[in-house]
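Visitor: This is the structure, below, for whatever I ask next.
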Amino acid sequence: MDFSYLDDWTEDEAGGPVEEIGEGYRNIWVVAENSNRTLLPATLGVMGQARELADMIGVYVYAVLLGEDAEALGQDLLAYGADKVLIADEPGLAEYRPGLYVQIVADLVDQYRPEILLMAASPLGNDLAPRLAQRLNTGLMSHCIKLELDMSERLLLGTFAVFGGEMYHTVACPQARPQMATLQPGYFRMPYPDTSPAGSVQTVDLDLGAVTGRLTWIDHAASVALPDVSLSKAKVVVSAGRGMGDADGFALVEQLAEALGGVVAGSRGAFDAGWIAEEQIVGVGGVFIAPDLYIACGVSGDIYHYFGAQDSKFVVAINPDEHAPIMKAANMALVGDARQIIPAILDALAN
Amino acid sequence: MKIIVPIKQILDPSGMTFRRDKERMFINREEYIVDPASKAAIEAALQLKGDDDTLIAISMGLPQADDALREALAMGCDEAFLLCDNAFENADITVTTSILVAAILKLGGADLIVTGHQSADTGSGQIGPRLAEALGYAQVTDVSAMSTEDGVLQATRRWGTAEAAYATVEAVLPAVVAVTPEAFPPRYAHGARIMSAYRDWDVPVWDMAYLGLDEAALAPLLAFRREGFPPPLEVGERFHGDPADVAQEAVMALKLQKLIG
Amino acid sequence: MDFSFPKEYQLFRRMVREWVENEVKPLAKVIDREHRVPHETIKKAARLGLMGVPFPQKYGGMGGGEIGYCILMEELGRACSSTGTVIGAHTGIGAMALYLDGTEEQKQKYLVPMAQGTAIGAFGLTEAQAGSDAAAIKTTAVRDGDDYVLNGAKVFITNGDIADIITTMAVTDPALGAYGGITAFIVETDTPGFSIGSLENKMGIRGSSTAECVFQDVRVPKENVLGQFGAGFLTFMKTLDIGRASLGAATLGGAQAAMEASIQWAKAREQFGAPIATKQSIYFMIADMAIDIEALRSLIYRTAWLIDSGQPHILEAAACKTFGSEVSHRCIDRAMQIHGALGYSRDHWIELGWRDQRISEIYEGTNEIQRIVIAASLFRPHGLRIPT
């Protein structure tokens, strides 16, 4: 970073200029994101966090929005906590182009010098933020699930998950500015909108002529058939036990698996009842699974079955008998008839 | 077409235990593997590679990262280079970027750089775009399918908020692609290539001096403050009551655990 | 002394382990129940160079030597004895005979496709009246013009009905007996006159086929004499000697799997208020398994090293097979005991492992024959000769 502009301010008699960390960098910025002329819920979460941080250190929240016909969203951004909104509104910005977006935001950052710059860890944010951070030669704390301020040093502390979520790391960006972070969607509460917010919306003048984009969007509704995941490697497994009663009950288990993007499995009882194939048996003599989420429906969970599922990270068991073996081992033991609980879960998921 | 795949070697997670109750991580078995996201990147590159194309694997790591590069050669890479120096020890993602960029430039750049979208251990998902910016290449991240033709990359990437939402883009080469690991299950290496990987290939080691890096380039921008653990999970917690209420509790708990969106 | 595996072998083992876990293990119970050879697995193995692991790359092999081959057989033994038997009979004895005694032309013509897995091999020695007493074979090979005409029947030939090439022993001079009167031949199974008789209905390794091979005026060109004419006994002895080491490796894998399963089960199964792993009767059984396995592992890979470095290995290889089959017997038997009634259930794989294991004390030279070989090898420097 070039701190030569400080020479005028802090010339020391004995030696050269004294550098102060972060001097000249102020305010918290949010690079907002919109889709179909609506602000992303994830962006609103970031706005809420930005507002909290700004209030702690007494600075402004700037929201930056790039897009086409985005001016109207300026008011929304003020309502959700921005003090000032900078909008770059051009047809050429209707679709995300990494090089273009980086150029525009970097120019604004160089001009205004925010001390903190946040955005959502959305697909766009994950694509843009690292490139922007590299352009600005600054550190980026990505996929943060929590932000804090170290008030003694006016440093942003970002906490994110590592080792597949088994641990957290907290880091800071002591010297480089702005301190950048992307915020993991779902971890930051959306604020209540202020119905009559104060603040100003300003459009940014751009000259996009010189910048050529190297990315073209061909199809926004593409699809990819991902390779099948075997049961032993599936991240979500929903299994049926004899307690599901009949084929109709088993169908509920299949519906739940589909709703969760998981793989269907079962106990030996389910195989004997003819609902699942032999390769879908979990347990001794069957498949050993280690999913992030295991939902056992109508499964008693005796050792012969549970032996194959004991490495699951989170177990939900649904069984009318609260003393069934699996209920003791599960992280959540839902006591009741799975034939009633599963439809209720499907309802709750849909809403 | 020249393709470079930066790969990462990590501690085998199956040899580690995380005790939330003790707030400690235990390494029961210290073994190193090629990060799954890197293997997916090698696989994606191998699928694109034609007979006239060259595929080069590079890795910034400890001396034993040589094994990771041998595995890359066994899978089908043509050349491999290890970037290793004691001075790299405290690298953060910005330093790693500088080191990889120096190596890529030493190799004369590439038409395509393929990385994993995010590594399994402490990955931040930043390396792809950072390399693209530093090299002045185009970038596409979280790619699940791709092809190249006449200097243009066509890639289908995850986009949008829905679970299975994808978009297709075209990028002018040279470009950096970060691939979705699940979309590229890695192939098994051929036995003969595994034997050859250690016997017939050289993996040159490039250090700080060779790469022309100075202290400033190796100074990390991020500082580690502390580590933490999620709270221990309840076991055997029963939920009684009306199915609708019980279901609500379950869905809320799953959302809290980030097991569902 | 460095007892660690060279790096390429460590990488090879990791690859094979993963491949076996994903491609071989899921079929283990299925092929046993359906009594069929896993042809799909053989094709997958061929694509990865796993059908010719010990042979040099110039013969289409993987260049892994005996050490690499033992690694493959061990990993297969951990998951599916049937698959291990099919590949083992093909590589370890069928193709091996060609590698040991074939001419360059024969190697190019037959060993290369076998090593690449495009042709399947078998080893034709045993007959109804000639098991342990291998020299008592009666299949004849009579010279007729530029060919030899073979007549007779072989029994218990692994891969007999799926092989493209069978290395066959036949009597070329009854008067000379074992030394000088038996010759080895390379027989292509699509030669007219060759047919399959009955298929054995075996207790175990039911995912491999064991066939009666009938030779009725089968014409074999003189170019297909393998090794020295009349020295067939030496050819097959050499082949079986080497084959024993990798057989031992397969039993090592089986024993290892039995022990690992026992530990996992003993940890999970609670009786009398605690996991049975905490009961001395159980953990002493597991400790005994571990002792056997450690000893066997050292024996196997030291023997493989002896073979790869061209050193004498007859005693060690016979010990591999004998000790290995007896170790795996003890281990799978203890594993069944530890698993209790579950071990006896056909729903679980322990009983499959138990049924599959038993043949290893019988085939490729019974353990009694092995002991003869070992004693003969020990006594030779003392000038003692054992009558057979």
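Each chain in the structure tokens gets a letter, A, B and so on, in the order shown; residues start at 1 in every chain, and ligands are counted from 1 in the order they appear.
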Please return, as an MDAnalysis selection string, all residues of chain C lying within 6 Å of chain B when only C-alpha atoms are considered.
Guide: chainID C and resid 8 48:49 62
Visitor: Per residue of chain A within 7 Å of chain B, record the nearest atom pair and its distance in Å to one decimal, counting only C-alpha atoms, with rows in chain order and ascending residue number, as CSV.
Guide:
residue,atom,partner,partner_atom,distance
A:Pro123,CA,B:Trp159,CA,5.9
A:Asp127,CA,B:Thr141,CA,6.2
A:Pro130,CA,B:Gln126,CA,5.2
A:Arg131,CA,B:Pro129,CA,4.8
A:Gln134,CA,B:Arg130,CA,5.4
A:Arg135,CA,B:Glu133,CA,6.6
A:Thr138,CA,B:Leu221,CA,6.8
A:Gly139,CA,B:Leu221,CA,5.4
A:Ser142,CA,B:Ser124,CA,5.9
A:Val162,CA,B:Thr122,CA,4.9
A:Phe163,CA,B:Asp121,CA,4.5
A:Gly164,CA,B:Ala120,CA,6.5
A:Glu166,CA,B:Phe18,CA,6.4
A:Met167,CA,B:Phe229,CA,4.7
A:Tyr168,CA,B:Gly228,CA,4.8
A:His169,CA,B:Glu227,CA,4.5
A:Thr170,CA,B:Arg226,CA,5.2
A:Val171,CA,B:Phe224,CA,4.5
A:Ala172,CA,B:Ala223,CA,5.3
A:Cys173,CA,B:Leu222,CA,4.6
A:Pro174,CA,B:Leu222,CA,6.9
A:Gln175,CA,B:Leu221,CA,6.9
A:Ala176,CA,B:Leu221,CA,6.5
A:Arg214,CA,B:Val172,CA,5.5
A:Leu215,CA,B:Ala171,CA,4.5
A:Thr216,CA,B:Glu170,CA,5.1
A:Trp217,CA,B:Val169,CA,4.4
A:Ile218,CA,B:Val169,CA,5.2
A:Asp219,CA,B:Thr168,CA,4.9
A:His220,CA,B:Ala167,CA,4.4
A:Ala221,CA,B:Ala167,CA,5.7
A:Ala222,CA,B:Ala167,CA,4.9
A:Ser223,CA,B:Tyr166,CA,5.6
A:Leu226,CA,B:Ala183,CA,5.5
A:Pro227,CA,B:Ala183,CA,6.5
A:Leu293,CA,B:Leu259,CA,6.9
A:Met327,CA,B:Gly236,CA,5.8
A:Lys328,CA,B:Gly236,CA,4.4
A:Ala329,CA,B:Gly236,CA,5.6
A:Ala330,CA,B:Gly236,CA,5.2
A:Asn331,CA,B:Val235,CA,4.3
A:Met332,CA,B:Glu237,CA,5.4
A:Ala333,CA,B:Arg238,CA,4.6
A:Leu334,CA,B:Phe239,CA,4.9
A:Val335,CA,B:His240,CA,5.3
A:Gln340,CA,B:Pro243,CA,6.2
A:Ile341,CA,B:Pro243,CA,4.9
A:Ala344,CA,B:Ala244,CA,5.2
A:Ile345,CA,B:Ala247,CA,4.7
A:Ala348,CA,B:Gln248,CA,6.1
A:Leu349,CA,B:Val251,CA,6.8
Visitor: Using only C-alpha atoms, find each residue in chain A having at least one atom no more than 7 Å away from chain C; report its shortest atom-to-atom pair and that distance in Å (one decimal), rows by chain then rising number, as a Markdown table.
Guide:
| residue | atom | partner | partner_atom | distance |
| --- | --- | --- | --- | --- |
| A:Val284 | CA | C:His348 | CA | 6.1 |
| A:Gly285 | CA | C:His348 | CA | 3.9 |
| A:Phe307 | CA | C:Ala268 | CA | 6.9 |
Visitor: My list of candidates is A:Gln310, A:Gln75, A:Thr195, A:Ser300. Which is closest to His323 (chain A) when distances are computed with only C-alpha atoms?
Guide: A:Ser300
Visitor: Can you pull out the residues contacting Phe3 (chain C)? Cut-off 12 Å, using only C-alpha atoms, and skip same-chain residues under 4 positions away; I want them as a PyMOL selection string.
Guide: chain C and resi 297-298+301-302+305
Visitor: Could you please write out, as JSON, numbers by chain, every residue of region 69-218 of chain C that DSSP assigns to strand (DSSP E)?
Guide: {"C": [121, 122, 123, 124, 140, 141, 142, 143, 144, 147, 148, 149, 150, 151, 152, 153, 154, 155, 156, 157, 158, 165, 166, 167, 168, 169, 170, 171, 182, 183, 184, 185, 186, 187, 188, 194, 195, 196, 197, 198, 199, 210, 211, 212, 213, 214, 215, 216, 217, 218]}
Visitor: Do you know which residues are at most 12 Å from Tyr187 (chain A) counting only C-alpha atoms, after dropping those on the same chain fewer than 5 positions away, and could you put them as a list in words?
Guide: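 The neighbour list is Pro41, Ala42, Thr43, Leu44, Gly45, Val46, Gly48, Gln49, Ala120, Ala121, His143, Cys144, Ile145, Lys146, Leu147, Thr159, Phe160, Ala161 and Thr182 of chain A; Lys255, Leu256, Gln257, Lys258 and Gly261 of chain B.
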Visitor: So what do you get for CA of Arg29 (chain B) versus CA of Gln9 (chain B), distance-wise?
Guide: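 So the two atoms, CA of Arg29 (chain B) and CA of Gln9 (chain B), lie 15.4 Å apart.
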Visitor: Running DSSP on the backbone, which parts of region 121-248 of chain B land in alpha helix (DSSP H), as JSON, numbers by chain?
Guide: {"B": [127, 128, 129, 130, 131, 132, 133, 134, 135, 191, 192, 193, 194, 195, 196, 197, 198, 199, 208, 209, 210, 211, 243, 244, 245, 246, 247, 248]}
Visitor: Give me, please, the distance in Å between CA of Gly180 (chain C) and CA of Val142 (chain C), quoted to one decimal.
Guide: 14.5 Å
Visitor: Taking only residues of region 64-153 of chain B that have an atom at most 12 Å from an atom of region 44-48 of chain B, what is each one's shortest atom pair and its distance in Å to one decimal, using only C-alpha atoms, in chain and number order, as CSV?
Guide:
residue,atom,partner,partner_atom,distance
B:Ala72,CA,B:Leu46,CA,10.3
B:Leu73,CA,B:Leu46,CA,11.0
B:Ala74,CA,B:Leu46,CA,11.7
B:Met75,CA,B:Leu46,CA,8.4
B:Gly76,CA,B:Leu46,CA,6.9
B:Cys77,CA,B:Leu46,CA,7.6
B:Asp78,CA,B:Leu46,CA,10.4
B:Asp111,CA,B:Ala45,CA,11.7
B:Leu112,CA,B:Ala45,CA,8.9
B:Ile113,CA,B:Ala45,CA,8.7
B:Val114,CA,B:Ala45,CA,6.7
B:Thr115,CA,B:Ala45,CA,9.2
B:Gly116,CA,B:Ala44,CA,9.6
B:His117,CA,B:Ala44,CA,11.9
B:Val143,CA,B:Ala44,CA,9.8
B:Ser144,CA,B:Ala44,CA,9.2
B:Ala145,CA,B:Ala44,CA,8.4
B:Met146,CA,B:Leu48,CA,8.0
B:Ser147,CA,B:Leu48,CA,6.5
B:Thr148,CA,B:Leu48,CA,7.4
B:Glu149,CA,B:Leu48,CA,10.2
B:Leu153,CA,B:Leu48,CA,10.4
Visitor: Would you mind listing what lies within 12 Å of Met244 (chain A) as a count of residues only, with only C-alpha atoms counted and same-chain residues fewer than 5 positions away left out?
Guide: 28
Visitor: Hey, which of B:Leu218, B:Val95, B:Leu62, B:Ala40 ends up closest to Val5 (chain B)? Count only C-alpha atoms.
Guide: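 Result for the nearest residue to Val5 (chain B): B:Ala40.
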Visitor: Got a sec: who's within 9 Å of Ser208 (chain C), counting only C-alpha atoms, leaving out chain neighbours fewer than 5 positions off, as a list in words?
Guide: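 Once the adjacent positions are removed, what remains is Ile31, Asp32, His35, Arg36, Val37, Pro38, Ser81, Ser82, Thr83, Gly84, Thr85, Val86, Thr158 and Asn159 of chain C.
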